[in-house]
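Everything on this sheet refers to the single structure shown next.
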Amino acid sequence: MRRGAVEIRVGLGSCGIASGAEPVLDVLQKAAKVKTVGCNGMCHLEPLVQVVEPDGRITLYSNVTIETARLIVRRHVAHALVRAVSRLVSTPCVATRQERIVLENCGEIDPLNIDDYLARDGYRALQRCRTQLSPEQVIAAIAESGLRGRGGAGFPTGRKWTLGRSQSDPVKYVVCNGDEGDPGAFMDRAVLESDPHRVLEGLAIAAYAIGAAEGYLYIRAEYPLAVRHIGAAIVQARARGYLDSLHLEVREGAGAFVCGEETALIQSLEGKRGMPRLRPPYPVERGFRGKPTIINNVETLACVPWIIRHGPAAFAAFGTPTSKGTKVFALAGKINRGGLVEVPMGVTIREVVEEIGGGIKNGRQFKAVQLGGPSGGCIPARLADTPIDYDALAQTGAIMGSGGLVVLDDHDCMVDIARFFLKFTQAESCGKCTFCRIGTKRMLEILERLCAGEGRRDDIEKLETLADYVSRGSLCGLGQTAPNPVITTLRYFREEYEAHLHQKRCPAGRCPALIRYRVTDNCIGCTLCAQACPVGAIGYRPYQKHEVDQRLCTRCDMCRQACQDDAIEVM
Amino acid sequence: MPVTLTIDGRRVSVEPGTTLMAAAQWLGIRIPSMCHVPGIEPAASCFVCAVQIEGRRTLSPACAVPVAEGMSVTTNSDDVRAARKMALELLLSDHAGECVAPCAARCPAGLDIPGFVYGIATGDNRRAMEAIAERLALPGSLGRICPRLCEEGCRRCDLDQGLAIGALHRYAADLDIAAVTPYTPPCAPTTGKSVAIVGAGPAGLAAAWYLLQKGHGCTLFDAHPQPGGMLRYGIPAYRLPKDALDAEIDAIRKLGARFQMGVRWGTEFTLGELRKQYDAVFLAIGAQRAQGLRCEGEENALAGIAFLELAANSNAPSLGRDVAVVGGGNTAMDCARSAVRLGAQNVRILYRRGRQEMPCAMDEVEAAEAEGVHIDYLVAPMRLDRNGRGLLLTCQRMTLGEPDASGRRRPVAVAGSDFVIECSTVIAAIGQAVERTLAGREGLRVTGWGIAADERTLATNLPGVFAGGDAVLGADLAVRAVAAGRISATSIHQYLSGESVAGESVLTGIAMRPIDDAERAAIFRAIEKSARAPMPRLPMEQRRATFDEVERGLTPDDAARESRRCLSCGCRKQDCCLVRTLANEYEVDVYRFAGARRRFSQDLSHPEIVYEPGKCISCDACVRIAAAAGETLGLAMIGRGFDVTVAVPFGKPLSEGLRSAAQRCAEACPTGALALRTARSCDACSLSSCR
């Protein structure tokens with residue numbers, strides 16, 4: 001039986017490619033017409049194949065391999081035998097609490113095909129601005145929508161544009177900040193890869209609003225696919241005339257986290273070493289090449305076309321009094337369904353973790369979330385009813401941040417978490433301010449000592465004093481927020497610090513120097529742990545209770561993960 | 001339109017665009033800064049200029065933040081000071097360098113050793129003398145007799161042999177005395193004040209030397225017929241010839257010192273009288289009371305210092321054939337070696353501990369042995385009897401037990417090990433103590449050692465009365481006495497000027513501890529091994545027979561060569577380094593944030609300047625200056641995080657990075673990271689803190 005043409009979509013974002021989507025694509029392409037799309041957010045299910053029926057019904061195949069791709073071709077494409085491959089069909093986790101504004105096209109359109117974007121009302125907002133709205137009206141609409149900067153700080157976008165508009169200098173610039181650097185955050189990458197035209201459209205609207213003739217997209221070099229897709233999108237958009245006289249260029253970052261800070265980003269754009277400088281003057285007064293410059297984050301710009309198309313009221317309908325619209329989060333950590341989610345402002349952390357993320361992996365206990373990456377903080381489970389709202393989150397000591405959300409369970413040591421993030425910021429400090437360059441190093445040394453069980457009597461007080469002055473004695477956001485992971489974990493989990501210091505004990509059983517592995521009576525002698533142990537610390541003795549040789553054990557946790565019978569415990 | 005703001009509660013109006021630092025200056029409020037270079041865009045990096053602007057969560061760098069209408073700024077709160085202090089402590093925790101050369105750090109007088117050696121090396125003996133005289137009186141005498149703690153600290157000890165520092169300052173002093181116009185320090189106009197100095201030994205002489213330079217009149221009172229104290233009466237002429245000592249005392253006399261010799265405190269005058277007649281008194285009475293053998297028959301022994309004094313006056317008693325000297329200090333060696341010269345055929349030293357525990361200088365022991373002195377270790381006297389023919393000294397063998405308070409192992413008697421030594425003379429050189437009863441009677445507080453005096457100021461409990469040297473410490477090194485003389489002069493000057501008496505301002509500095517192999521390699525990178533200059537010595541037959549000076553002094557060639565062996569350790573900016581100056585101002589705890597630090601290294605590739613990256617505080621000043629000067633390559637900050645360094649881009653050498661701006665960069669560097677090759681201390685430096 002010959003069927004009507006189906007559309008096959010293969011996710012070919014970085015997550016898809018990393019999971020092996022390219023060979024899957026080869027198999028499918030031989031059999032049918034395939035559309036490559038970006039990431040739809042369900043990164044934990046990649047490689048993802050969607051089969052769209054002529055009537056619009058979608059079947060979602062997850063974790064597709066070459067073999068299952070052949071099955072899909074043989075049974076579904078050829079014979080509509082969906083059930084025959086049904087074990088691959090995933091329950092769509094685009095659950096009810098998600099609202100897709102930024103991600104509306106992600107995973108559904110071909111990012112390299114402008115027609116796909118146009119078919120989704122692409123560039124209509126830009127055209128409407130140019131033909132029906134004055135720059136002031138555009139800015140008024142953005143201001144009315146309540147959109148705030150999605151890069152983390154939450155500065156009202158409308159106000160920023162108003163300031164940009166009011167600059168008398170005839171030469172102005174718009175810059176898209178695509179230097180997403182927080183460990184574990186990949187919202188911007190997904191948007192740039194999956195829906196690049198949307199970012200261009202937002203940037204073009206910004207340029208129109210403030211009166212800029214030139215724009216730059218500063219994208220980190222570690223995102224080659226995003227750089228390629230944006231580059232291709234610029235060529236297409238220019239060819240179709242959507243850019244008008246606007247000159248857009250892609251600039252790749254050179255791998256420095258601090259270049260996400262706007263003054264450092266400008267230095268980097270100018271070909272200098274990315275070093276933040278004192279504000280004021282703000283870039284809006286004196287930015288790129290000394291000219292007024294508006295810098296907006298990818299996600300912020302991605303909201304703009306939607307706001308113009310649907311009206312500011314529709315955007316402002318989502319959220320809380322001070323935080324409007326939606327926010328994209330990169331869910332990671334001990335959660336069942338990791339990936340990208342977009343939620344309306346105002347939903348609680350608990351809803352994100354338990355409903356959207358599907359709860360904690362392996363049935364463990366929800367301990368905390370780390371929000372905002374190295375600049376953010378840890379919010380304990382008991383405060384999980386805090387809504388996603390700039391101000392409510394800031395109250396807890398964390399920040400909204402750019403959208404990294406790491407879920408922690410009772411196996412995560414908070415001292416170790418603080419150490420992990422501080423290690424990152426310390427390594428990424430530009431080295432300019434004394435407190436940031438050396439202060440964070442001394443803080444890191446204290447955390448390393450605590451984790452190693454070598455804490456000194458006054459280490460916790462010293463850590464607090466350092467944290468206070470580092471945050472107040474640094475010029476830019478990196479230094480000012482670097483102590484946040486320490487400050488929040490100290491605020492909510494001080495007893496863990498004290499246990500490390502006074503009892504040389506890691507309550508979460510995480511810090512290698514402070515723990516031991518022991519085989520319990522649950523052991524059935526299956527040797528899985530012995531096979532998993534990379535240093536031979538567990539003897540290969542089938543049908544006997546295994547033993548861990550403490551002299552050899554490196555506390556890598558492999559045995560515990562390998563054990564099927566919960567027979568390895570951490571002491 | 002001027003902008004009005006409040007700084008520390010005071011209102012000031014300045015032009016818009018003025019920085020907070022400049023605005024504060026209008027009010028006479030000094031805000032410290034290290035990274036600020038006038039005329040160049042601020043970096044705002046060191047955060048030592050931190051101030052608090054009301055309503056802001058963060059601290060603000062005053063060097064960069066412009067004034068704003070209605071701003072309220074605090075520059076001196078506890079919080080702001082704590083922030084500055086912490087910034088300095090953090091910088092010092094990662095500062096791979098040494099403020100002061102390790103030799104100078106060990107010198108009790110704090111002599112600028114690389115400084116004066118540099119004078120000798122460049123053939124500028126006047127410069128050498130200036131550097132010496134600033135810290136050390138009687139350099140010729142001390143160069144002969146000092147145990148030279150400095151030389152043990154010499155970096156060259158790790159490479160070949162330590163520098164002959166004592167021999168070098170003796171050389172400079174001898175050369176100066178022989179010069180047509182010997183060095184005379186500049187003296188302030190006479191103040192009309194007068195100071196009584198009791199004791200014309202090294203402490204008293206040094207005090208006079210420095211007080212006279214400050215314009216105060218000095219009268220030295222001493223019970224002996226001639227000035228010099230222990231230098232004259234306690235040290236034999238073969239170590240310190242009287243004419244060398246006299247020449248140095250003459251220099252002090254020439255500055256205006258008056259000497260009243262042959263007058264004894266408590267007999268000819270009292271402290272009360274001196275206090276009435278003089279504006280201040282310095283007590284430098286030394287430790288003159290010899291300790292006995294502390295055994296039965298001790299009255300039969302000759303006291304060591306009494307014997308040396310007689311010998312100094314060429315009035316030595318006949319010793320006979322066999323002489324036993326009891327003790328292990330320098331006095332014991334001096335007695336034994338003097339006895340050899342006076343014709344004793346059989347001189348032995350009895351010491352109750354081992355060779356390692358001897359308090360005297362090891363080269364003294366070696367010299368004594370070379371002259372035929374026999375040393376018996378682990379022997380203690382039990383009783384001394386006189387019989388018809390001479391003396392019978394009963395001794396017992398000792399063994400070493402647990403360490404005592406001094407850290408040396410305590411000698412313990414071995415039961416039944418008694419033996420008897422027959423001798424013609426027994427000299428007790430056990431030690432000397434301070435005569436304290438008189439001081440106590442005059443109302444002075446005393447300690448177990450001597451007169452009680454404040455450690456920093458040397459002030460006693462009586463107003464206007466100061467004390468130092470052996471009189472306070474008990475028998476100790478001459479160099480400590482000379483240092484005490486200088487410190488007392490500073491305190492007395494402060495007292496006479498009506499200032500608060502604070503003693504000398506001591507700059508704390510940092511030292512690299514420990515130094516690892518990589519750093520040692522960096523220090524010795526371009527250094528060739530070379531042997532220490534030999535000290536010419538009198539031939540042995542003359543040594544044993546006469547009191548002629550044994551060590552003859554370095555030859556000019558040897559002295560020049562030896563001076564060039566100096567590695568000039570210590571920082572080229574030790575006196576004008578802003579980090580050090582501010583660290584002292586803010587009373588930092590150098591080791592509060594001790595942790596991982598950079599390695600010491602040195603870049604000598606530039607003809608004009610020396611770069612020591614380990615000292616760089618990443619303030620960015622040189623980077624900005626090089627850029628402003630239009631250097632093609634210039635300098636840049638390289639790397640990220642804690643390991644950020646300033647270097648020429650693309651790994652090019654410093655000489656390529658800095659073609660025209662090298663000198664300006666070196667001068668602007670707030671610390672010793674970049675310094676002119678010629679800079680020994682601050683004479684080539686433009687920093688305001690030097691002036």
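Ordering of the structure tokens sets the chain letters (A, B, ...), residue numbers begin anew at 1 in every chain, and ligands are numbered from 1 in the order given.
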
Got a sec to tell me which of stretch 384-527 of chain B DSSP assigns to strand (DSSP E or B), as a PyMOL selection string? chain B and resi 384-386+391-403+409-413+419-423+425-428+432-433+446+451+459+465-467

Expected file contents, prior selection, C-alpha atoms, as a PDB file, in the first residue's frame:
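part.pdb, written as the output of this step:
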```pdb
ATOM      1  CA  LEU B 384      89.146  23.793  92.551  1.00  0.00           C
ATOM      2  CA  ASP B 385      91.895  23.317  95.123  1.00  0.00           C
ATOM      3  CA  ARG B 386      95.196  25.030  95.525  1.00  0.00           C
ATOM      4  CA  LEU B 391      95.879  24.202  91.186  1.00  0.00           C
ATOM      5  CA  LEU B 392      93.971  20.951  91.144  1.00  0.00           C
ATOM      6  CA  LEU B 393      90.753  21.128  89.150  1.00  0.00           C
ATOM      7  CA  THR B 394      88.465  18.219  89.850  1.00  0.00           C
ATOM      8  CA  CYS B 395      86.120  17.597  86.923  1.00  0.00           C
ATOM      9  CA  GLN B 396      83.502  15.101  85.962  1.00  0.00           C
ATOM     10  CA  ARG B 397      82.357  13.787  82.610  1.00  0.00           C
ATOM     11  CA  MET B 398      78.964  14.792  81.329  1.00  0.00           C
ATOM     12  CA  THR B 399      76.491  13.347  78.877  1.00  0.00           C
ATOM     13  CA  LEU B 400      73.773  15.161  76.972  1.00  0.00           C
ATOM     14  CA  GLY B 401      70.167  14.742  78.092  1.00  0.00           C
ATOM     15  CA  GLU B 402      66.924  16.394  77.084  1.00  0.00           C
ATOM     16  CA  PRO B 403      66.961  19.847  75.415  1.00  0.00           C
ATOM     17  CA  ARG B 409      70.698  19.467  75.173  1.00  0.00           C
ATOM     18  CA  ARG B 410      71.185  19.687  78.893  1.00  0.00           C
ATOM     19  CA  PRO B 411      74.438  18.200  80.224  1.00  0.00           C
ATOM     20  CA  VAL B 412      73.962  15.474  82.815  1.00  0.00           C
ATOM     21  CA  ALA B 413      76.762  14.284  85.076  1.00  0.00           C
ATOM     22  CA  PHE B 419      89.157  13.123  87.356  1.00  0.00           C
ATOM     23  CA  VAL B 420      91.687  15.752  88.325  1.00  0.00           C
ATOM     24  CA  ILE B 421      93.577  18.179  86.140  1.00  0.00           C
ATOM     25  CA  GLU B 422      96.712  19.839  87.410  1.00  0.00           C
ATOM     26  CA  CYS B 423      97.169  23.365  86.207  1.00  0.00           C
ATOM     27  CA  THR B 425      95.967  28.878  86.146  1.00  0.00           C
ATOM     28  CA  VAL B 426      92.235  28.360  85.825  1.00  0.00           C
ATOM     29  CA  ILE B 427      90.254  30.985  83.969  1.00  0.00           C
ATOM     30  CA  ALA B 428      86.490  31.063  84.406  1.00  0.00           C
ATOM     31  CA  GLN B 432      78.828  37.827  82.336  1.00  0.00           C
ATOM     32  CA  ALA B 433      75.840  39.378  83.994  1.00  0.00           C
ATOM     33  CA  VAL B 446      64.908  45.341  86.149  1.00  0.00           C
ATOM     34  CA  ILE B 451      67.501  46.753  83.042  1.00  0.00           C
ATOM     35  CA  ALA B 459      62.559  53.465  77.076  1.00  0.00           C
ATOM     36  CA  VAL B 465      65.923  57.395  80.601  1.00  0.00           C
ATOM     37  CA  PHE B 466      66.645  54.782  77.953  1.00  0.00           C
ATOM     38  CA  ALA B 467      68.707  51.622  78.142  1.00  0.00           C
TER      39      ALA B 467
END
```

Determine, for each residue of chain B having at least one atom at most 7 Å from an atom of chain A, the closest pair of atoms and their separation in Å to one decimal, counting only C-alpha atoms; order by chain and ascending number, as a tab-separated table.
```
residue	atom	partner	partner_atom	distance
B:Ser45	CA	A:Cys433	CA	4.4
B:Cys46	CA	A:Thr434	CA	5.4
B:Phe47	CA	A:Thr434	CA	6.6
B:Arg57	CA	A:Arg472	CA	6.8
B:Thr58	CA	A:Arg472	CA	4.1
B:Leu59	CA	A:Arg472	CA	5.4
B:Ala83	CA	A:Tyr469	CA	6.6
B:Ala87	CA	A:Thr434	CA	6.2
B:Leu90	CA	A:Ile438	CA	6.0
B:Leu91	CA	A:Thr434	CA	6.9
B:Phe593	CA	A:Arg442	CA	6.8
B:Gly595	CA	A:Arg442	CA	6.7
B:Ser618	CA	A:Lys432	CA	6.5
B:Arg640	CA	A:Cys430	CA	5.2
B:Gly641	CA	A:Ser429	CA	4.3
B:Phe642	CA	A:Arg437	CA	5.2
B:Val644	CA	A:Gly431	CA	5.7
```

Export of prior selection with N, CA and C atoms as a compact mmCIF listing (two decimals), in the first residue's frame:
```txt
# COMPACT_ATOMS: atom_id res chain seq x y z
N SER B 45 41.84 48.27 39.30
CA SER B 45 42.06 46.84 39.46
C SER B 45 42.55 46.44 40.85
N CYS B 46 43.37 47.29 41.49
CA CYS B 46 43.99 46.82 42.73
C CYS B 46 43.03 46.85 43.91
N PHE B 47 42.04 47.71 43.83
CA PHE B 47 41.01 47.85 44.86
C PHE B 47 41.53 48.31 46.21
N ARG B 57 25.72 48.50 47.17
CA ARG B 57 26.07 47.27 47.85
C ARG B 57 27.57 47.04 47.77
N THR B 58 28.14 47.38 46.62
CA THR B 58 29.55 47.08 46.41
C THR B 58 30.43 48.26 46.81
N LEU B 59 31.69 47.98 46.98
CA LEU B 59 32.68 49.03 47.20
C LEU B 59 33.05 49.59 45.83
N ALA B 83 38.68 46.24 53.90
CA ALA B 83 38.73 45.82 52.50
C ALA B 83 40.12 46.09 51.92
N ALA B 87 42.78 43.39 50.58
CA ALA B 87 43.33 43.43 49.22
C ALA B 87 44.86 43.31 49.28
N LEU B 90 45.86 39.79 50.28
CA LEU B 90 45.72 38.86 49.17
C LEU B 90 46.88 39.04 48.19
N LEU B 91 47.23 40.28 47.90
CA LEU B 91 48.34 40.52 46.97
C LEU B 91 49.63 39.92 47.53
N PHE B 593 46.45 35.01 54.39
CA PHE B 593 45.83 34.24 53.31
C PHE B 593 46.85 33.38 52.58
N GLY B 595 48.73 30.70 50.75
CA GLY B 595 48.23 29.59 49.95
C GLY B 595 49.19 29.39 48.80
N SER B 618 49.46 42.58 38.86
CA SER B 618 48.48 42.66 37.76
C SER B 618 47.68 43.95 37.80
N ARG B 640 44.29 33.34 32.32
CA ARG B 640 43.04 33.58 33.04
C ARG B 640 43.22 33.16 34.49
N GLY B 641 42.34 33.69 35.30
CA GLY B 641 42.27 33.25 36.69
C GLY B 641 43.51 33.62 37.48
N PHE B 642 43.80 32.79 38.45
CA PHE B 642 44.89 33.05 39.38
C PHE B 642 46.23 33.18 38.66
N VAL B 644 47.05 34.59 35.88
CA VAL B 644 47.25 35.72 34.97
C VAL B 644 48.64 36.33 35.16
```

Among stretch 331-430 of chain B, which residues carry a DSSP assignment of alpha helix (DSSP H), reported as a ChimeraX atom specification? /B:331-341,362-370

With a distance cut-off of 10 Å and only C-alpha atoms, select the neighbouring residues of stretch 558-563 of chain A, excluding the residue or stretch itself and same-chain residues fewer than 6 positions from it, and output the selection as a PyMOL selection string. chain A and resi 517-519+523-524+526-534+537-538+548+569-570

Can you tell me how far atom CA of B:Pro670 sits from atom CA of B:Ile617, in Å to one decimal?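 Computing it gives 8.6 Å between the two atoms.
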